[in-house]
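Text of the file work-v1.cif, holding mmCIF, C-alpha atoms:
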```cif
data_final
#
loop_
_atom_site.group_PDB
_atom_site.id
_atom_site.type_symbol
_atom_site.label_atom_id
_atom_site.label_comp_id
_atom_site.auth_asym_id
_atom_site.auth_seq_id
_atom_site.Cartn_x
_atom_site.Cartn_y
_atom_site.Cartn_z
ATOM 1 C CA MET A 11 -12.467 -18.333 15.727
ATOM 2 C CA SER A 12 -9.986 -19.437 18.424
ATOM 3 C CA ALA A 13 -8.313 -21.759 15.910
ATOM 4 C CA LEU A 14 -8.021 -18.903 13.425
ATOM 5 C CA VAL A 15 -6.426 -16.644 16.057
ATOM 6 C CA HIS A 16 -4.014 -19.338 17.237
ATOM 7 C CA ASP A 17 -3.013 -20.468 13.753
ATOM 8 C CA GLY A 18 -2.890 -16.918 12.416
ATOM 9 C CA THR A 19 -0.534 -15.873 15.219
ATOM 10 C CA ALA A 20 1.780 -18.781 14.417
ATOM 11 C CA VAL A 21 1.831 -17.896 10.703
ATOM 12 C CA LEU A 22 2.342 -14.240 11.618
ATOM 13 C CA GLY A 23 5.451 -15.158 13.596
ATOM 14 C CA ARG A 24 6.755 -17.196 10.678
ATOM 15 C CA HIS A 25 6.356 -14.290 8.261
ATOM 16 C CA LEU A 26 7.975 -11.816 10.649
ATOM 17 C CA GLN A 27 11.006 -14.116 10.889
ATOM 18 C CA ARG A 28 10.988 -14.375 7.118
ATOM 19 C CA ILE A 29 11.040 -10.603 6.750
ATOM 20 C CA GLY A 30 13.983 -10.426 9.147
ATOM 21 C CA HIS A 31 15.868 -12.972 7.037
ATOM 22 C CA ALA A 32 15.287 -11.021 3.814
ATOM 23 C CA PRO A 33 17.053 -7.703 4.476
ATOM 24 C CA ALA A 34 17.369 -6.866 0.777
ATOM 25 C CA ILE A 35 13.611 -6.571 0.293
ATOM 26 C CA THR A 36 13.272 -4.649 3.556
ATOM 27 C CA VAL A 37 15.988 -2.178 2.588
ATOM 28 C CA MET A 38 14.514 -1.702 -0.882
ATOM 29 C CA THR A 39 10.969 -1.092 0.344
ATOM 30 C CA GLN A 40 12.169 1.342 3.025
ATOM 31 C CA THR A 41 14.841 3.268 1.140
ATOM 32 C CA MET A 42 13.135 3.724 -2.235
ATOM 33 C CA PRO A 43 10.307 5.912 -0.842
ATOM 34 C CA ILE A 44 12.908 8.070 0.922
ATOM 35 C CA VAL A 45 14.917 8.407 -2.290
ATOM 36 C CA PHE A 46 11.760 9.316 -4.216
ATOM 37 C CA LEU A 47 10.780 11.840 -1.539
ATOM 38 C CA LEU A 48 14.157 13.575 -1.706
ATOM 39 C CA PHE A 49 14.232 13.422 -5.481
ATOM 40 C CA PHE A 50 10.758 14.824 -6.070
ATOM 41 C CA GLY A 51 10.948 17.217 -3.132
ATOM 42 C CA TYR A 52 14.214 18.912 -4.056
ATOM 43 C CA VAL A 53 14.892 18.152 -7.729
ATOM 44 C CA PHE A 54 11.457 18.347 -9.372
ATOM 45 C CA GLY A 55 9.536 20.203 -6.691
ATOM 46 C CA GLY A 56 9.670 23.644 -8.235
ATOM 47 C CA ALA A 57 8.849 22.397 -11.716
ATOM 48 C CA LEU A 58 5.976 20.066 -10.824
ATOM 49 C CA ALA A 59 3.864 22.143 -8.475
ATOM 50 C CA ALA A 60 4.104 24.824 -5.803
ATOM 51 C CA PRO A 61 7.774 25.506 -5.084
ATOM 52 C CA GLY A 62 9.740 24.703 -1.963
ATOM 53 C CA ALA A 63 8.147 23.815 1.349
ATOM 54 C CA ALA A 64 4.605 24.135 -0.022
ATOM 55 C CA TYR A 65 5.215 21.317 -2.473
ATOM 56 C CA ARG A 66 6.969 19.161 0.093
ATOM 57 C CA ALA A 67 3.953 19.512 2.406
ATOM 58 C CA PHE A 68 1.832 18.367 -0.538
ATOM 59 C CA LEU A 69 4.234 15.553 -1.446
ATOM 60 C CA VAL A 70 4.852 13.798 1.882
ATOM 61 C CA PRO A 71 1.254 12.510 2.336
ATOM 62 C CA GLY A 72 1.278 11.327 -1.262
ATOM 63 C CA MET A 73 4.535 9.471 -0.698
ATOM 64 C CA LEU A 74 3.115 7.846 2.443
ATOM 65 C CA VAL A 75 0.129 6.605 0.448
ATOM 66 C CA ALA A 76 2.355 5.420 -2.403
ATOM 67 C CA THR A 77 4.321 3.416 0.170
ATOM 68 C CA ALA A 78 1.084 1.956 1.528
ATOM 69 C CA ALA A 79 0.144 0.924 -2.006
ATOM 70 C CA GLY A 80 3.372 -1.086 -2.049
ATOM 71 C CA GLY A 81 1.484 -3.815 -0.201
ATOM 72 C CA LEU A 82 0.401 -4.911 -3.672
ATOM 73 C CA LEU A 83 4.011 -5.670 -4.590
ATOM 74 C CA THR A 84 5.165 -7.292 -1.352
ATOM 75 C CA GLY A 85 1.983 -9.343 -0.993
ATOM 76 C CA MET A 86 2.334 -10.618 -4.538
ATOM 77 C CA LEU A 87 6.010 -11.532 -4.289
ATOM 78 C CA GLN A 88 5.742 -13.324 -0.941
ATOM 79 C CA ALA A 89 2.621 -15.270 -1.915
ATOM 80 C CA ALA A 90 4.177 -16.282 -5.251
ATOM 81 C CA GLN A 91 7.357 -17.462 -3.553
ATOM 82 C CA ASP A 92 5.484 -19.581 -1.017
ATOM 83 C CA SER A 93 3.167 -20.957 -3.687
ATOM 84 C CA HIS A 94 5.829 -21.969 -6.211
ATOM 85 C CA ARG A 95 8.352 -23.229 -3.671
ATOM 86 C CA GLY A 96 5.927 -25.680 -2.097
ATOM 87 C CA VAL A 97 5.459 -23.838 1.206
ATOM 88 C CA MET A 98 1.715 -23.473 0.651
ATOM 89 C CA ASP A 99 1.417 -27.197 -0.109
ATOM 90 C CA ARG A 100 3.093 -28.047 3.190
ATOM 91 C CA PHE A 101 0.766 -25.702 5.057
ATOM 92 C CA ARG A 102 -2.248 -27.421 3.492
ATOM 93 C CA THR A 103 -1.156 -30.777 4.903
ATOM 94 C CA LEU A 104 -1.241 -29.362 8.446
ATOM 95 C CA PRO A 105 -4.357 -29.001 10.623
ATOM 96 C CA VAL A 106 -4.266 -25.221 10.175
ATOM 97 C CA SER A 107 -7.172 -22.891 9.489
ATOM 98 C CA ARG A 108 -7.296 -22.120 5.778
ATOM 99 C CA ALA A 109 -7.775 -18.411 6.450
ATOM 100 C CA ALA A 110 -4.850 -18.272 8.893
ATOM 101 C CA VAL A 111 -2.094 -18.570 6.277
ATOM 102 C CA PRO A 112 -2.959 -15.577 4.050
ATOM 103 C CA LEU A 113 -4.169 -13.618 7.087
ATOM 104 C CA GLY A 114 -0.851 -14.147 8.870
ATOM 105 C CA GLN A 115 1.010 -12.886 5.807
ATOM 106 C CA ALA A 116 -1.214 -9.788 5.560
ATOM 107 C CA LEU A 117 -0.787 -8.938 9.246
ATOM 108 C CA ALA A 118 2.991 -9.443 9.133
ATOM 109 C CA ASP A 119 3.217 -7.124 6.157
ATOM 110 C CA LEU A 120 1.096 -4.560 8.005
ATOM 111 C CA LEU A 121 3.406 -4.590 11.052
ATOM 112 C CA ALA A 122 6.536 -4.398 8.893
ATOM 113 C CA SER A 123 5.034 -1.542 6.897
ATOM 114 C CA ALA A 124 4.128 0.394 10.046
ATOM 115 C CA ALA A 125 7.718 0.109 11.286
ATOM 116 C CA GLY A 126 9.165 0.908 7.866
ATOM 117 C CA THR A 127 7.115 4.088 7.560
ATOM 118 C CA VAL A 128 8.840 5.671 10.553
ATOM 119 C CA PRO A 129 12.082 6.570 8.681
ATOM 120 C CA LEU A 130 10.035 8.108 5.863
ATOM 121 C CA ILE A 131 8.105 10.251 8.347
ATOM 122 C CA LEU A 132 11.344 11.369 10.017
ATOM 123 C CA VAL A 133 12.810 12.398 6.661
ATOM 124 C CA GLY A 134 9.603 14.278 5.878
ATOM 125 C CA LEU A 135 9.839 16.120 9.188
ATOM 126 C CA ALA A 136 13.462 16.985 8.463
ATOM 127 C CA MET A 137 12.351 18.436 5.114
ATOM 128 C CA GLY A 138 9.905 20.740 6.874
ATOM 129 C CA TRP A 139 6.666 18.768 6.595
ATOM 130 C CA ARG A 140 4.250 19.001 9.515
ATOM 131 C CA THR A 141 0.697 17.896 10.225
ATOM 132 C CA GLU A 142 -1.285 21.122 10.331
ATOM 133 C CA GLY A 143 -4.604 19.658 11.484
ATOM 134 C CA THR A 144 -5.828 18.283 14.787
ATOM 135 C CA LEU A 145 -4.343 15.352 16.674
ATOM 136 C CA PRO A 146 -7.436 13.146 16.063
ATOM 137 C CA GLY A 147 -7.201 14.031 12.385
ATOM 138 C CA ALA A 148 -3.532 13.062 12.236
ATOM 139 C CA LEU A 149 -4.208 9.764 14.010
ATOM 140 C CA GLY A 150 -7.060 9.119 11.606
ATOM 141 C CA GLY A 151 -4.728 9.768 8.693
ATOM 142 C CA PHE A 152 -2.195 7.231 9.926
ATOM 143 C CA ALA A 153 -4.971 4.691 10.589
ATOM 144 C CA LEU A 154 -6.215 5.179 7.038
ATOM 145 C CA LEU A 155 -2.712 4.533 5.711
ATOM 146 C CA LEU A 156 -2.549 1.222 7.582
ATOM 147 C CA LEU A 157 -6.012 0.210 6.388
ATOM 148 C CA PHE A 158 -5.059 0.921 2.776
ATOM 149 C CA ARG A 159 -1.830 -1.052 3.174
ATOM 150 C CA PHE A 160 -3.823 -3.984 4.555
ATOM 151 C CA ALA A 161 -6.225 -3.781 1.608
ATOM 152 C CA THR A 162 -3.535 -3.659 -1.087
ATOM 153 C CA THR A 163 -1.707 -6.574 0.533
ATOM 154 C CA TRP A 164 -4.780 -8.772 0.070
ATOM 155 C CA VAL A 165 -4.885 -7.824 -3.609
ATOM 156 C CA GLY A 166 -1.226 -8.764 -3.912
ATOM 157 C CA ILE A 167 -1.706 -12.086 -2.104
ATOM 158 C CA LEU A 168 -4.424 -13.146 -4.532
ATOM 159 C CA LEU A 169 -2.377 -12.123 -7.567
ATOM 160 C CA GLY A 170 0.640 -13.956 -6.189
ATOM 161 C CA LEU A 171 -1.374 -17.129 -5.655
ATOM 162 C CA VAL A 172 -2.718 -17.127 -9.214
ATOM 163 C CA SER A 173 0.608 -16.176 -10.825
ATOM 164 C CA LYS A 174 2.222 -18.709 -13.145
ATOM 165 C CA SER A 175 5.699 -18.241 -11.674
ATOM 166 C CA GLU A 176 7.762 -16.081 -9.354
ATOM 167 C CA GLU A 177 9.149 -14.247 -12.376
ATOM 168 C CA ALA A 178 5.663 -13.459 -13.654
ATOM 169 C CA ALA A 179 4.705 -12.127 -10.231
ATOM 170 C CA GLY A 180 7.796 -9.926 -10.204
ATOM 171 C CA GLN A 181 7.009 -8.522 -13.635
ATOM 172 C CA LEU A 182 3.402 -7.872 -12.705
ATOM 173 C CA GLY A 183 4.494 -6.357 -9.407
ATOM 174 C CA SER A 184 6.629 -3.846 -11.277
ATOM 175 C CA ALA A 185 3.411 -2.480 -12.788
ATOM 176 C CA ALA A 186 2.298 -1.539 -9.268
ATOM 177 C CA PHE A 187 4.635 1.456 -9.491
ATOM 178 C CA MET A 188 2.265 2.920 -12.079
ATOM 179 C CA LEU A 189 -0.590 3.322 -9.593
ATOM 180 C CA PRO A 190 0.891 6.304 -7.723
ATOM 181 C CA LEU A 191 2.049 7.852 -11.000
ATOM 182 C CA LEU A 192 -1.533 7.798 -12.303
ATOM 183 C CA SER A 193 -2.861 9.606 -9.245
ATOM 184 C CA ASN A 194 -2.529 12.864 -7.353
ATOM 185 C CA ALA A 195 0.199 11.479 -5.081
ATOM 186 C CA TYR A 196 2.945 13.540 -6.741
ATOM 187 C CA ILE A 197 1.155 16.273 -8.697
ATOM 188 C CA PRO A 198 -2.331 17.849 -8.626
ATOM 189 C CA THR A 199 -4.808 16.477 -11.157
ATOM 190 C CA ASP A 200 -6.399 19.796 -12.107
ATOM 191 C CA GLY A 201 -3.731 20.446 -14.740
ATOM 192 C CA MET A 202 -4.188 17.070 -16.433
ATOM 193 C CA PRO A 203 -6.178 16.469 -19.631
ATOM 194 C CA ALA A 204 -9.826 15.707 -18.864
ATOM 195 C CA TRP A 205 -9.638 11.976 -19.638
ATOM 196 C CA LEU A 206 -6.438 11.495 -17.632
ATOM 197 C CA ARG A 207 -7.836 13.480 -14.715
ATOM 198 C CA THR A 208 -10.879 11.196 -14.629
ATOM 199 C CA VAL A 209 -8.695 8.083 -14.618
ATOM 200 C CA SER A 210 -6.451 9.520 -11.908
ATOM 201 C CA GLU A 211 -9.273 10.626 -9.621
ATOM 202 C CA TRP A 212 -10.948 7.216 -9.760
ATOM 203 C CA ASN A 213 -7.648 5.627 -8.810
ATOM 204 C CA PRO A 214 -7.958 4.548 -5.143
ATOM 205 C CA VAL A 215 -4.533 6.059 -4.464
ATOM 206 C CA SER A 216 -5.967 9.513 -5.253
ATOM 207 C CA ALA A 217 -8.864 9.139 -2.836
ATOM 208 C CA VAL A 218 -6.628 7.931 -0.013
ATOM 209 C CA THR A 219 -4.016 10.618 -0.724
ATOM 210 C CA THR A 220 -6.606 13.394 -0.672
ATOM 211 C CA ALA A 221 -8.123 12.015 2.538
ATOM 212 C CA VAL A 222 -4.729 11.848 4.252
ATOM 213 C CA ARG A 223 -3.877 15.390 3.148
ATOM 214 C CA GLU A 224 -7.201 16.613 4.493
ATOM 215 C CA LEU A 225 -6.806 14.792 7.805
ATOM 216 C CA PHE A 226 -3.232 16.067 8.172
ATOM 217 C CA GLY A 227 -4.339 19.582 7.228
ATOM 218 C CA ASN A 228 -1.775 19.758 4.424
ATOM 219 C CA ALA A 229 -4.009 20.579 1.442
ATOM 220 C CA PRO A 230 -7.674 21.352 0.757
ATOM 221 C CA VAL A 231 -9.977 19.059 -1.201
ATOM 222 C CA PRO A 232 -9.749 19.909 -4.937
ATOM 223 C CA ALA A 233 -12.732 21.629 -6.530
ATOM 224 C CA ASP A 234 -14.811 19.924 -9.233
ATOM 225 C CA ALA A 235 -13.165 16.555 -8.607
ATOM 226 C CA ALA A 236 -14.667 13.108 -9.104
ATOM 227 C CA TRP A 237 -16.725 11.727 -6.212
ATOM 228 C CA PRO A 238 -13.976 9.694 -4.472
ATOM 229 C CA VAL A 239 -11.706 12.753 -4.381
ATOM 230 C CA ALA A 240 -14.482 15.275 -3.651
ATOM 231 C CA HIS A 241 -15.488 13.140 -0.618
ATOM 232 C CA PRO A 242 -12.027 11.780 0.185
ATOM 233 C CA VAL A 243 -12.481 10.174 3.614
ATOM 234 C CA ALA A 244 -15.640 8.345 2.546
ATOM 235 C CA GLY A 245 -14.070 7.456 -0.790
ATOM 236 C CA ALA A 246 -10.887 6.156 0.838
ATOM 237 C CA LEU A 247 -12.818 4.038 3.334
ATOM 238 C CA LEU A 248 -15.055 2.609 0.619
ATOM 239 C CA TRP A 249 -12.100 1.754 -1.577
ATOM 240 C CA SER A 250 -10.103 0.167 1.263
ATOM 241 C CA LEU A 251 -12.946 -1.794 2.846
ATOM 242 C CA GLY A 252 -14.238 -2.805 -0.578
ATOM 243 C CA LEU A 253 -10.842 -4.208 -1.593
ATOM 244 C CA VAL A 254 -10.628 -6.215 1.639
ATOM 245 C CA ALA A 255 -14.208 -7.475 1.270
ATOM 246 C CA VAL A 256 -13.573 -8.668 -2.286
ATOM 247 C CA PHE A 257 -9.983 -9.869 -2.322
ATOM 248 C CA ALA A 258 -9.598 -11.396 1.165
ATOM 249 C CA PRO A 259 -12.267 -14.106 0.592
ATOM 250 C CA LEU A 260 -10.948 -14.725 -2.926
ATOM 251 C CA ALA A 261 -7.378 -15.121 -1.638
ATOM 252 C CA VAL A 262 -8.465 -17.517 1.125
ATOM 253 C CA ARG A 263 -10.509 -19.548 -1.358
ATOM 254 C CA ARG A 264 -7.623 -19.703 -3.825
ATOM 255 C CA TYR A 265 -5.202 -20.806 -1.115
ATOM 256 C CA ALA A 266 -7.620 -23.501 0.077
ATOM 257 C CA ARG A 267 -8.068 -24.852 -3.466
ATOM 258 C CA GLY A 268 -4.368 -25.068 -4.116
#
```

So, in terms of structure tokens, how does the structure I just supplied come out?
Amino acid sequence: MSALVHDGTAVLGRHLQRIGHAPAITVMTQTMPIVFLLFFGYVFGGALAAPGAAYRAFLVPGMLVATAAGGLLTGMLQAAQDSHRGVMDRFRTLPVSRAAVPLGQALADLLASAAGTVPLILVGLAMGWRTEGTLPGALGGFALLLLFRFATTWVGILLGLVSKSEEAAGQLGSAAFMLPLLSNAYIPTDGMPAWLRTVSEWNPVSAVTTAVRELFGNAPVPADAAWPVAHPVAGALLWSLGLVAVFAPLAVRRYARG
């Protein structure tokens, strides 16, 4: 365990330096959610759902969860780059814990995501969004966002390690933008066709979004929803912890095999 902590901290520092040396990716991952928030909040807000401030209060938690789901994209791209540029091979020649390398990447992404979420929250506050629930509920909502980001990063790391090339990882990563679109992050699901509503409500993004809205006090739990959305906090925790439990060991095993 001490070796894992020591080696993981070293890899964490390496990835944080890497993020600092790649400002383009940082700017893209931080500015795109803000652009989407402004676009949906002011351009499509009245047409998609409740008009004005009511929709923006509904939208901001969904945008925060959509940003957390971006761990799938960043995890995939970074793991694919390291894998296909020989960085992973060099790590394997060192006396480093096999779990430390993917764990360091996941933790670095988590810290960068936490810092990058701050501008999005400030823009949301400027648009009139507020947390209407209790302080423990709000803290629980932010903790759930970080847990979901950590979980999606592990999924991305595994997909990046098994990708055939950096280009293939980039193309597959582009599909990650579909996850929030097929959820209740931007619009309620009760107006969708029955089959699409079922697909959307079993999307983990929907469960986490509903849980965050409930914890923030921004929207009630929808009636007659699928189980993960009808029991959002439990559903979000099960989805997040389940993804970590499945994909973290698979990613470590794949990295160790080479």

Problem set entry | Gap from atom CA of A:Thr219 to atom CA of A:Gly72 - Å, one decimal |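 Computed distance, atom CA of A:Thr219 to atom CA of A:Gly72, equals 5.4 Å.
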
For this session: Could you please determine the separation between atom CA of A:Ala122 and atom CA of A:Phe54 in Å, to one decimal place?
Result: 29.6 Å

Kindly assemble as a tab-separated table a list of the stretch 129-188 of chain A residues that lie within 12 Å of stretch 239-252 of chain A, each paired with its nearest atom pair and their distance in Å to one decimal, using all atoms listed in the file, sorted first by chain and then by ascending residue number.
```
residue	atom	partner	partner_atom	distance
A:Gly147	CA	A:Val243	CA	10.9
A:Gly150	CA	A:Val243	CA	9.7
A:Gly151	CA	A:Val243	CA	9.3
A:Ala153	CA	A:Leu247	CA	10.7
A:Leu154	CA	A:Leu247	CA	7.7
A:Leu155	CA	A:Ala246	CA	9.7
A:Leu156	CA	A:Ser250	CA	9.9
A:Leu157	CA	A:Ser250	CA	6.6
A:Phe158	CA	A:Ser250	CA	5.3
A:Arg159	CA	A:Ser250	CA	8.6
A:Phe160	CA	A:Ser250	CA	8.2
A:Ala161	CA	A:Ser250	CA	5.5
A:Thr162	CA	A:Ser250	CA	8.0
A:Thr163	CA	A:Ser250	CA	10.8
A:Trp164	CA	A:Ser250	CA	10.5
A:Val165	CA	A:Ser250	CA	10.7
```

Closest atom pairs, residues of stretch 74-105 of chain A within 12 Å of stretch 20-29 of chain A, only C-alpha atoms, as CSV:
```
residue,atom,partner,partner_atom,distance
A:Thr84,CA,A:Ile29,CA,10.5
A:Gly85,CA,A:His25,CA,11.4
A:Gln88,CA,A:His25,CA,9.3
A:Ala89,CA,A:His25,CA,10.9
A:Gln91,CA,A:Arg28,CA,11.7
A:Asp92,CA,A:His25,CA,10.7
A:Val97,CA,A:Arg24,CA,11.6
A:Met98,CA,A:Val21,CA,11.5
A:Phe101,CA,A:Val21,CA,9.7
```

Exercise. To one decimal place, how far is atom CA of A:Thr220 from atom CA of A:Pro238 in Å?
Worked result: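 These atoms are spaced 9.1 Å apart.
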
Problem set entry | Counting all atoms listed in the file, the option among A:Val254, A:Ala204, A:Arg102, A:Met137 closest to A:Phe49 | A:Met137

Problem set entry | A:Val218, A:Met86, A:Ala266, A:Leu191 ranked by distance to A:Lys174, top pick (using only C-alpha atoms) |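 The answer is A:Met86, which sits nearest to A:Lys174.
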
For this session: Evaluate the PyMOL selection byres ((chain A and resi 183) around 8) on the structure here and hand back the selected residues as number ranges by chain.
Result: A: 82-83, 86-87, 179-182, 184-187

Exercise. Between A:Trp212, A:Tyr65, A:Tyr52, A:Trp237, which has the minimum distance to A:Trp139 (counting all atoms listed in the file)?
Worked result: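 Among the listed residues, A:Tyr65 lies closest to A:Trp139.
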
Exercise. Between A:Val53, A:Ala90, A:Met73, A:Val45, which one has atoms that come closest to A:Ser193, using all atoms listed in the file?
Worked result: A:Met73

For this session: Pull out every residue that the PyMOL selection byres ((chain A and resi 260-265) around 8) matches in the shown coordinates and put them as a PyMOL selection string.
Result: chain A and resi 98+108-109+112+164-165+167-168+171-172+256-259+266-268

Exercise. Within 7 Å of A:Pro190, counting all atoms listed in the file, which residues qualify if same-chain residues fewer than 4 places away don't, as a ChimeraX atom specification?
Worked result: /A:76,195,215

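Closest approach to A:Gln40 among A:Ala125, A:Val15, A:Ala236, A:Leu117 is made by A:Ala125 (distances from all atoms listed in the file).
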
Problem set entry | Test item: the PyMOL selection byres ((chain A and resi 143) around 6) resolved as a list in words |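 Matching residues under the PyMOL selection byres ((chain A and resi 143) around 6) are Thr141, Glu142, Thr144, Phe226 and Gly227 of chain A.
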
Produce a file of the selected residues containing C-alpha atoms, as a PDB file, keeping the file's coordinate frame.
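Contents of result-v5.pdb, freshly written:
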```
ATOM      1  CA  THR A 141       0.697  17.896  10.225  1.00  0.00           C
ATOM      2  CA  GLU A 142      -1.285  21.122  10.331  1.00  0.00           C
ATOM      3  CA  THR A 144      -5.828  18.283  14.787  1.00  0.00           C
ATOM      4  CA  PHE A 226      -3.232  16.067   8.172  1.00  0.00           C
ATOM      5  CA  GLY A 227      -4.339  19.582   7.228  1.00  0.00           C
TER       6      GLY A 227
END
```

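For the choices A:Ile44, A:Met202, A:Met188, A:Leu145, the atom-to-atom distance to A:Thr127 is smallest for A:Ile44 when using all atoms listed in the file.
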
For this session: May I have the residues within 10 Å of A:Ala229 as a PyMOL selection string, using all atoms listed in the file and disregarding those fewer than 6 positions away in the same chain?
Result: chain A and resi 64+67-68+71+142+220-223

Model the absent atoms of stretch 166-180 of chain A so that N, CA, C and O atoms are present, and write the result as a short mmCIF file (atom, residue, chain, number, x, y, z; two decimals), keeping the file's coordinate frame.
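The resulting file, selection22.cif, is reproduced below:
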```cif
data_model
loop_
_atom_site.label_atom_id
_atom_site.label_comp_id
_atom_site.auth_asym_id
_atom_site.auth_seq_id
_atom_site.Cartn_x
_atom_site.Cartn_y
_atom_site.Cartn_z
N GLY A 166 -2.48 -8.14 -3.52
CA GLY A 166 -1.23 -8.76 -3.91
C GLY A 166 -1.18 -10.25 -3.61
O GLY A 166 -0.64 -11.03 -4.40
N ILE A 167 -1.71 -10.66 -2.46
CA ILE A 167 -1.71 -12.09 -2.10
C ILE A 167 -2.47 -12.90 -3.14
O ILE A 167 -2.01 -13.95 -3.60
N LEU A 168 -3.65 -12.42 -3.53
CA LEU A 168 -4.42 -13.15 -4.53
C LEU A 168 -3.67 -13.23 -5.86
O LEU A 168 -3.59 -14.30 -6.47
N LEU A 169 -3.11 -12.11 -6.30
CA LEU A 169 -2.38 -12.12 -7.57
C LEU A 169 -1.15 -13.03 -7.49
O LEU A 169 -0.80 -13.69 -8.47
N GLY A 170 -0.50 -13.07 -6.34
CA GLY A 170 0.64 -13.96 -6.19
C GLY A 170 0.24 -15.42 -6.23
O GLY A 170 0.96 -16.26 -6.78
N LEU A 171 -0.91 -15.74 -5.66
CA LEU A 171 -1.37 -17.13 -5.66
C LEU A 171 -1.78 -17.62 -7.04
O LEU A 171 -1.66 -18.80 -7.35
N VAL A 172 -2.28 -16.72 -7.87
CA VAL A 172 -2.72 -17.13 -9.21
C VAL A 172 -1.62 -16.94 -10.25
O VAL A 172 -1.82 -17.29 -11.42
N SER A 173 -0.47 -16.40 -9.86
CA SER A 173 0.61 -16.18 -10.82
C SER A 173 1.18 -17.50 -11.31
O SER A 173 1.19 -18.51 -10.60
N LYS A 174 1.67 -17.49 -12.54
CA LYS A 174 2.22 -18.71 -13.14
C LYS A 174 3.62 -19.04 -12.64
O LYS A 174 4.05 -20.19 -12.69
N SER A 175 4.34 -18.02 -12.16
CA SER A 175 5.70 -18.24 -11.67
C SER A 175 6.11 -17.05 -10.83
O SER A 175 5.44 -16.01 -10.82
N GLU A 176 7.23 -17.21 -10.13
CA GLU A 176 7.76 -16.08 -9.35
C GLU A 176 8.17 -14.94 -10.27
O GLU A 176 7.98 -13.76 -9.94
N GLU A 177 8.73 -15.28 -11.44
CA GLU A 177 9.15 -14.25 -12.38
C GLU A 177 7.96 -13.46 -12.89
O GLU A 177 8.02 -12.22 -13.02
N ALA A 178 6.86 -14.16 -13.18
CA ALA A 178 5.66 -13.46 -13.65
C ALA A 178 5.11 -12.53 -12.58
O ALA A 178 4.67 -11.42 -12.87
N ALA A 179 5.16 -12.98 -11.33
CA ALA A 179 4.70 -12.13 -10.23
C ALA A 179 5.59 -10.89 -10.10
O ALA A 179 5.10 -9.79 -9.85
N GLY A 180 6.90 -11.07 -10.28
CA GLY A 180 7.80 -9.93 -10.20
C GLY A 180 7.55 -8.92 -11.31
O GLY A 180 7.56 -7.70 -11.09
#
```
